[in-house]
Amino acid sequence: MERAVLLSDIEFLDGVHESDWERIEEESFLVNVSKPLNENQQVVLEWLKVQGKRRPIMTIADFADAYYGLEGAPTVPLEILSSYEQLSDSETYQVLAAFAEWGMKEVAE
């Protein structure tokens, strides 16, 4: 998420002080500038959402345990693991960010 300021809120005057910019920053609003998730990202995110009704870190840990085939790990469908393998690091971080954003909305409700 990045902050955005309406251009109409900014006056370019010689006498603009630092406190004016602080006010503008405080009055700015958050916008989501991330790209939509691709199909593989969406597949992984949907699995995380279904599993994420419990503790989020445990959901990620369970996924990692299943991915690495650790004994006692929960079962993750092959389709999900295959989609995950096709993600770049950047795409994986985008999935984690989307999962976190979804989780924050869930707890707020």
# chains A, B, ... in the order shown; residues from 1 in each chain; ligands from 1

$ residues_around --residues "Tyr67 in chain A" --least-positions-apart "2" --cutoff "12 Å" --atoms "only C-alpha atoms" --output "PDB file with C-alpha atoms, in the first residue's frame"
ATOM      1  CA  ILE A  60       2.179 -20.511   6.673  1.00  0.00           C
ATOM      2  CA  ALA A  61       4.197 -23.003   8.750  1.00  0.00           C
ATOM      3  CA  ASP A  62       1.781 -25.826   7.874  1.00  0.00           C
ATOM      4  CA  PHE A  63       2.101 -24.964   4.192  1.00  0.00           C
ATOM      5  CA  ALA A  64       5.903 -25.010   4.412  1.00  0.00           C
ATOM      6  CA  ASP A  65       5.866 -28.331   6.299  1.00  0.00           C
ATOM      7  CA  GLY A  69       7.152 -33.224   2.998  1.00  0.00           C
ATOM      8  CA  LEU A  70       7.776 -33.163   6.727  1.00  0.00           C
ATOM      9  CA  GLU A  71       6.289 -36.013   8.722  1.00  0.00           C
ATOM     10  CA  GLY A  72       2.978 -35.110  10.323  1.00  0.00           C
ATOM     11  CA  ALA A  73       2.431 -32.142   8.009  1.00  0.00           C
ATOM     12  CA  PRO A  74      -1.108 -31.424   6.897  1.00  0.00           C
ATOM     13  CA  THR A  75      -2.119 -32.504   3.413  1.00  0.00           C
ATOM     14  CA  VAL A  76      -1.935 -29.810   0.770  1.00  0.00           C
ATOM     15  CA  PRO A  77      -3.387 -30.756  -2.626  1.00  0.00           C
ATOM     16  CA  LEU A  78      -0.823 -31.263  -5.384  1.00  0.00           C
ATOM     17  CA  GLU A  79      -2.491 -28.516  -7.465  1.00  0.00           C
ATOM     18  CA  ILE A  80      -1.755 -25.981  -4.727  1.00  0.00           C
ATOM     19  CA  LEU A  81       1.860 -27.090  -4.332  1.00  0.00           C
ATOM     20  CA  SER A  82       2.335 -27.066  -8.111  1.00  0.00           C
ATOM     21  CA  SER A  83       0.973 -23.512  -8.344  1.00  0.00           C
ATOM     22  CA  TYR A  84       3.295 -22.440  -5.540  1.00  0.00           C
ATOM     23  CA  GLU A  85       6.344 -23.899  -7.295  1.00  0.00           C
TER      24      GLU A  85
END

$ select_by_dssp --residues "range 23-88 of chain A" --states "helix (DSSP H, G or I)" --output "MDAnalysis selection string"
chainID A and resid 23:26 39:51 56:67 78:85

$ atom_distance --atom1 "CA of Leu45 in chain A" --atom2 "CA of Ala98 in chain A"
7.5 Å

$ residues_around --residues "Leu87 in chain A" --least-positions-apart "4" --cutoff "9 Å" --atoms "only C-alpha atoms" --output "VMD selection string"
chain A and resid 40 to 41 83 91 to 92

$ atom_distance --atom1 "CA of Asn38 in chain A" --atom2 "CA of Ser88 in chain A"
11.5 Å

$ decode --residues "range 48-62 of chain A" --atoms "C-alpha atoms" --output "PDB file, in the first residue's frame"
ATOM      1  CA  LEU A  48      -4.314 -19.974   2.638  1.00  0.00           C
ATOM      2  CA  LYS A  49      -7.672 -18.260   3.200  1.00  0.00           C
ATOM      3  CA  VAL A  50      -9.466 -21.554   3.788  1.00  0.00           C
ATOM      4  CA  GLN A  51      -6.761 -22.704   6.190  1.00  0.00           C
ATOM      5  CA  GLY A  52      -6.231 -19.241   7.674  1.00  0.00           C
ATOM      6  CA  LYS A  53      -9.233 -19.329   9.951  1.00  0.00           C
ATOM      7  CA  ARG A  54      -6.755 -20.172  12.690  1.00  0.00           C
ATOM      8  CA  ARG A  55      -3.428 -18.535  13.485  1.00  0.00           C
ATOM      9  CA  PRO A  56      -1.865 -17.015  10.312  1.00  0.00           C
ATOM     10  CA  ILE A  57       1.749 -17.901  11.105  1.00  0.00           C
ATOM     11  CA  MET A  58       0.713 -21.503  11.769  1.00  0.00           C
ATOM     12  CA  THR A  59      -1.046 -21.572   8.400  1.00  0.00           C
ATOM     13  CA  ILE A  60       2.179 -20.511   6.673  1.00  0.00           C
ATOM     14  CA  ALA A  61       4.197 -23.003   8.750  1.00  0.00           C
ATOM     15  CA  ASP A  62       1.781 -25.826   7.874  1.00  0.00           C
TER      16      ASP A  62
END
